[in-house]
Structure formats: structure tokens, C-alpha cells
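Take a look at the structure below.
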Amino acid sequence: MKALPVLWEGLGDFWPADPGAARCDGRGRVLDCTSLAQLGPLGEAARAVTAQRRFRYDPGDTVLLNDPFSGGTRVQDLICLRRTDVGVAAVRTTVPDFGGDRFGGYNPHAVEVWAEGNRLTPIRIARDGELIRDSFTCALLNSRTPRIFEQALRSLVNAAEELAAEAFEDRTEAAAAAARSALASLRGRRGGCVSAEIAGAEPTAVVVASASYDGEHMILDFEQSSPQLPHYVNATRGVTISAALAALPDAASLPANDGLLDVVEVRTRPGTVVHASYPAPTARGPHLTASAVTSAVSTLLRTPHSVEPSTGLLDADGFLDATIAARVQLAEAAAG
């Protein structure tokens with residue numbers, strides 16, 4: 001996908017942008033995606049935006065969101081979606097800060113999303129590649145790193161334009177066939193029920209998973225997982241989808257598109273740690289709860305599991321460590 005080099009050219013030299021991209025049809029069905037990790041979040045975002053009725057979403061319009069409850073994952077992750085005549089081009093990247101009580105959005109004392117950062121429910125940010133000044137300025141003023149944020153936003157819009165100009169090919173049938181082939185040895189299996197504790201959750205919370213497969217259709221059910229917490233470990237549904245698919249046999253070789261979800265149905269219940277509802281904080285859901293989801297499914301399907309819970313950016317007090325803080329300062333200088 002040409003969109004990713006556009007993002008890297010705009011950000012990769014001075015900030016780990018973690019970009020992703022997907023081409024979707026007019027209903028938000030993912031036809032092609034850069035990776036399984038991006039499939040769930042970008043698909044959920046595309047479906048949320050195409051289904052909304054608050055404003056017109058016409059070909060040429062580009063929408064921005066980061067709201068975990070409108071298809072996003074956490075407030076640091078920005079998603080741009082460019083409408084075309086045939087579908088939606090979606091691109092995603094991470095920014096170092098978008099408000100909240102603590103720099104970077106990682107706040108272990110957050111009991112609601114507002115303590116992690118500012119929510120952007122879907123807003124129109126550009127028209128035919130031209131930024132809409134009022135929307136752009138509103139978003140920009142909410143970041144402690146405005147120069148990086150501006151660079152990220154411009155790069156996202158440009159990348160969405162590039163992706164929208166590429167051919168949209170439906171590769172879902174091939175993905176569905178690949179999924180059935182990978183799951184062939186599991187035909188007729190009912191995996192019972194497995195619980196996986198979420199590292200760092202306060203109070204203790206678990207992902208509860210069950211699985212069944214009849215040879216055509218697999219169900220991965222997480223509806224009995226713990227209720228969401230006033231703590232930053234909650235995951236959005238998009239994160240859970242990607243984490244569950246990552247545990248399938250031969251997952252690394254499977255095409256990343258919604259053909260997989262034609263074969264593997266991921267069931268979640270809103271208001272749980274695997275399907276956060278407003279106003280739950282979600283900053284570390286993509287690390288900690290996602291790891292528990294993958295571990296639970298790996299145990300059910302008896303597939304290898306090598307993902308370890310991330311302790312990443314936080315010290316014991318929940319602040320960004322000095323290395324990351326120093327990198328942000330360098331990034332700000334480079335962006336300026």
C-alpha cells in the first residue's frame with residue numbers, strides 16, 4: 001500500500017508512528033489491510049463512520065476520529081477515513097499526546113477516558129484533500145505536542161488520499177478459504193471455557209473465552225469476560241477482534257481482511273473488559289487485555305502463544321519514562 005510510505009515520510013524519521021491502512025467497501029467491510037493487528041480497529045472505525053447519520057459522508061470527504069467508543073482504540077490513536085465512489089480508505093497512526101491528565105495518555109489512575117485524553121467522535125477534517133481549518137485547529141489545540149500532531153494529521157490526510165486513489169480489490173473469499181484451511185484440524189472441536197487473567201488489572205479481571213467449530217464457522221465467545229473496570233486496561237471490540245485472530249493456526253500467513261470474520265465470529269458483550277463502553281479508560285487495553293485474549297484463544301485452540309504482556313512505557317508511578325520523554329522533545333524540535 002502506497003499510503004504507508006506517505007505516513008513514514010511524514011513521521012517515521014522522528015516518531016514511531018505505528019501506521020496501518022485498510023481499503024473497505026461502502027459499508028465498512030475490510031477488503032484489504034496491512035496486518036491482523038490493524039484489521040479489527042480499522043474495520044470497526046469504518047463501520048462506525050459509514051453507519052452514522054449525524055452528518056453527510058460523501059465521496060471526497062475525510063473523517064477523523066480517535067474515540068474508543070466510535071470505532072477507535074485509545075485516544076492516542078488517530079484514524080482518518082477517506083470516502084470514495086467505491087468505498088472507504090482508512091489509515092491509522094499513533095501520536096504522543098492528545099490531552100488528558102498525564103502526558104502521553106497513559107494514566108494508571110484514570111477512572112474514565114477523559115483522564116487519558118480528548119475524544120474526537122467522527123468529524124469531517126478534509127474535503128478533496130484540503131483541510132477544513134476549523135476542524136483542524138480544534139484538534140490541534142488539544143495536544144501538548146502540537147507540531148508533531150500537526151505533522152501527523154497532515155500525513156494522515158495525505159496518506160488517505162493516496163490510498164483512496166489505489167484500486168479496491170475484494171480479497172475476502174481468498175481469506176475465508178485460507179482460514180478454513182488453517183482451521184481444518186479443529187473441525188468439530190468444542191474447546192470448553194478458558195480464563196486468562198489481565199496483567200496489571202486493578203481489581204483483578206479476566207478474559208473468559210469459549211470456542212466451537214463445525215468445519216465452516218468458528219465462534220470465539222468472550223461474553224462472559226469481566227465487567228469493564230475504572231482502570232486503563234479495558235479493550236475496545238476492535239482490539240479484541242485482532243487479538244483473537246492473532247491466535248488462529250498459521251495466523252501470520254493469513255490474509256488480513258474481513259474474509260476471516262466470515263469464518264471466525266468474535267462475540268463480545270458491551271460493558272466488559274473486551275468491549276469497553278463509555279466512559280471506560282482504554283490506554284493499555286491494546287497491550288494487556290489484548291495479550292490475555294490471545295493467550296486464552298491459544299489455549300483453547302492449542303496454538304503457540306508468544307505474546308507477553310507489555311510493561312512498555314510506564315514506570316511504577318505511571319509516568320512516561322525519561323527515554324520516551326526525551327524522544328518527544330527531540331521529535332518536537334524536528335517537527336518544528
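Going through the C-alpha cells in order, the chains are called A, B, and so on, while each chain numbers its residues from 1 and the ligands are numbered from 1 in the order shown.
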Picked from segment 84-324 of chain A by DSSP as strand (DSSP E or B), as a ChimeraX atom specification: /A:87-94,123-127,130-131,190-197,206-213,218-221,227,264-267,272,275,314,320
Neighbour list for Gln224 of chain A as a ChimeraX atom specification, cut-off 9 Å, only C-alpha atoms, skip fewer than 2 positions in-chain: /A:207-209,221-222,226-227,268-269,272
Once you have the residues from the selection above, write them out as a PDB file, in the first residue's frame, restricted to C-alpha atoms.
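Contents of part36.pdb, as written:
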```pdb
ATOM      1  CA  VAL A 207     -10.847 -12.673  29.845  1.00  0.00           C
ATOM      2  CA  VAL A 208     -13.187 -15.660  29.550  1.00  0.00           C
ATOM      3  CA  ALA A 209     -13.247 -17.406  26.172  1.00  0.00           C
ATOM      4  CA  ASP A 221     -17.159 -16.149  22.549  1.00  0.00           C
ATOM      5  CA  PHE A 222     -15.877 -13.626  25.122  1.00  0.00           C
ATOM      6  CA  SER A 226     -15.199  -9.461  33.493  1.00  0.00           C
ATOM      7  CA  PRO A 227     -17.144  -6.198  33.516  1.00  0.00           C
ATOM      8  CA  THR A 268     -18.307  -9.749  22.795  1.00  0.00           C
ATOM      9  CA  ARG A 269     -20.637  -8.011  25.200  1.00  0.00           C
ATOM     10  CA  THR A 272     -16.886  -5.759  29.527  1.00  0.00           C
TER      11      THR A 272
END
```
Backbone DSSP call of helix (DSSP H, G or I) for segment 45-194 of chain A, listed as a PyMOL selection string: chain A and resi 45-51+113-115+133-140+146-165+172-182+184-186
Spatial neighbours of segment 197-204 of chain A, max dist 6 Å, only C-alpha atoms, sep filter under 2 positions, as a PyMOL selection string: chain A and resi 206+289+292
Grab the residues selected above and save them as a PDB file, in the first residue's frame with N, CA and C atoms.
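Resulting contents of selection-v1.pdb:
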```
ATOM      1  N   VAL A 206     -10.585 -10.881  34.360  1.00  0.00           N
ATOM      2  CA  VAL A 206     -10.204 -11.992  33.494  1.00  0.00           C
ATOM      3  C   VAL A 206     -10.920 -11.907  32.153  1.00  0.00           C
ATOM      4  N   THR A 289      -4.904  -6.359  27.895  1.00  0.00           N
ATOM      5  CA  THR A 289      -6.075  -7.196  27.654  1.00  0.00           C
ATOM      6  C   THR A 289      -5.948  -7.940  26.329  1.00  0.00           C
ATOM      7  N   ALA A 292      -4.084 -11.032  26.953  1.00  0.00           N
ATOM      8  CA  ALA A 292      -4.899 -12.049  27.629  1.00  0.00           C
ATOM      9  C   ALA A 292      -5.866 -12.715  26.646  1.00  0.00           C
TER      10      ALA A 292
END
```
Surrounding residues of segment 142-146 of chain A excluding itself and chain neighbours under 5 positions, 6 Å, only C-alpha atoms, as a PyMOL selection string: chain A and resi 97-99
Would you write out those residues with all heavy atoms, as a compact mmCIF listing (two decimals), in the first residue's frame?
```txt
# COMPACT_ATOMS: atom_id res chain seq x y z
N ASP A 97 0.64 12.52 22.23
CA ASP A 97 -0.20 13.14 23.26
C ASP A 97 -1.43 13.75 22.62
O ASP A 97 -1.35 14.33 21.53
CB ASP A 97 0.57 14.22 24.02
CG ASP A 97 -0.27 14.84 25.13
OD1 ASP A 97 -0.40 14.21 26.19
OD2 ASP A 97 -0.81 15.94 24.92
N PHE A 98 -2.57 13.61 23.32
CA PHE A 98 -3.79 14.31 22.90
C PHE A 98 -4.59 14.71 24.13
O PHE A 98 -5.76 14.41 24.27
CB PHE A 98 -4.62 13.44 21.96
CG PHE A 98 -5.65 14.23 21.19
CD1 PHE A 98 -5.32 15.40 20.53
CD2 PHE A 98 -6.95 13.79 21.12
CE1 PHE A 98 -6.27 16.13 19.83
CE2 PHE A 98 -7.91 14.50 20.42
CZ PHE A 98 -7.56 15.67 19.78
N GLY A 99 -3.91 15.42 25.05
CA GLY A 99 -4.58 15.93 26.23
C GLY A 99 -4.66 14.89 27.34
O GLY A 99 -3.91 13.93 27.38
```
Residue with smallest distance to Ala22 of chain A - pool A:Asp258, A:Ala110, A:Asn118, A:Leu65, counting only C-alpha atoms: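 For Ala22 of chain A, the nearest of the given residues is A:Asp258.
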Between atom CA of Asn257 of chain A and atom CA of Ala37 of chain A - distance in Å to one decimal: 10.9 Å
Val30 of chain A: which residues within 8 Å, counting only C-alpha atoms, same-chain residues fewer than 3 positions away excluded, as a CSV table (one decimal) with C-alpha atoms, in the first residue's frame?
```csv
chain,number,residue,atom,x,y,z
A,22,ALA,CA,-7.1,-0.7,5.0
A,23,ARG,CA,-9.4,-0.5,2.0
A,24,CYS,CA,-13.0,-1.1,2.8
A,25,ASP,CA,-16.3,-1.3,0.8
A,33,CYS,CA,-5.5,-4.5,5.3
A,39,LEU,CA,-7.9,-5.3,10.9
A,42,LEU,CA,-9.8,-0.1,11.2
A,43,GLY,CA,-12.8,-2.3,10.4
A,257,ASN,CA,-9.4,-8.8,5.7
A,258,ASP,CA,-13.0,-9.4,6.7
```
Residue contacts of Val95 of chain A (8 Å, only C-alpha atoms) excluding same-chain residues fewer than 4 positions away, as a ChimeraX atom specification: /A:17,76-78,148-149,152
File dump, residues just selected, N, CA, C and O atoms, as an mmCIF file, in the first residue's frame:
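Listed below is the output, selection34.cif:
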```
data_model
loop_
_atom_site.group_PDB
_atom_site.id
_atom_site.type_symbol
_atom_site.label_atom_id
_atom_site.label_comp_id
_atom_site.auth_asym_id
_atom_site.auth_seq_id
_atom_site.Cartn_x
_atom_site.Cartn_y
_atom_site.Cartn_z
ATOM 1 N N ALA A 17 5.514 5.992 14.457
ATOM 2 C CA ALA A 17 4.131 6.294 14.120
ATOM 3 C C ALA A 17 3.203 5.085 14.149
ATOM 4 O O ALA A 17 1.997 5.243 14.249
ATOM 5 N N GLN A 76 -4.771 8.101 21.887
ATOM 6 C CA GLN A 76 -3.519 8.415 21.193
ATOM 7 C C GLN A 76 -3.520 7.942 19.743
ATOM 8 O O GLN A 76 -2.624 8.301 18.969
ATOM 9 N N ASP A 77 -4.477 7.124 19.355
ATOM 10 C CA ASP A 77 -4.507 6.548 18.013
ATOM 11 C C ASP A 77 -5.506 7.306 17.142
ATOM 12 O O ASP A 77 -6.707 7.286 17.405
ATOM 13 N N LEU A 78 -4.992 7.956 16.100
ATOM 14 C CA LEU A 78 -5.829 8.717 15.184
ATOM 15 C C LEU A 78 -6.147 7.883 13.946
ATOM 16 O O LEU A 78 -5.264 7.211 13.403
ATOM 17 N N ILE A 148 4.125 17.921 16.370
ATOM 18 C CA ILE A 148 4.028 16.523 15.962
ATOM 19 C C ILE A 148 2.600 16.192 15.542
ATOM 20 O O ILE A 148 2.367 15.504 14.538
ATOM 21 N N PHE A 149 1.641 16.697 16.298
ATOM 22 C CA PHE A 149 0.245 16.407 15.984
ATOM 23 C C PHE A 149 -0.123 16.958 14.607
ATOM 24 O O PHE A 149 -0.791 16.285 13.810
ATOM 25 N N ALA A 152 1.414 14.775 12.019
ATOM 26 C CA ALA A 152 0.691 13.505 11.941
ATOM 27 C C ALA A 152 -0.619 13.662 11.184
ATOM 28 O O ALA A 152 -0.972 12.836 10.334
#
```
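In this comparison, which uses only C-alpha atoms, the residue of A:Asn234, A:Ser253, A:Ser225, A:Thr294 approaching Arg267 of chain A most closely is A:Ser225.
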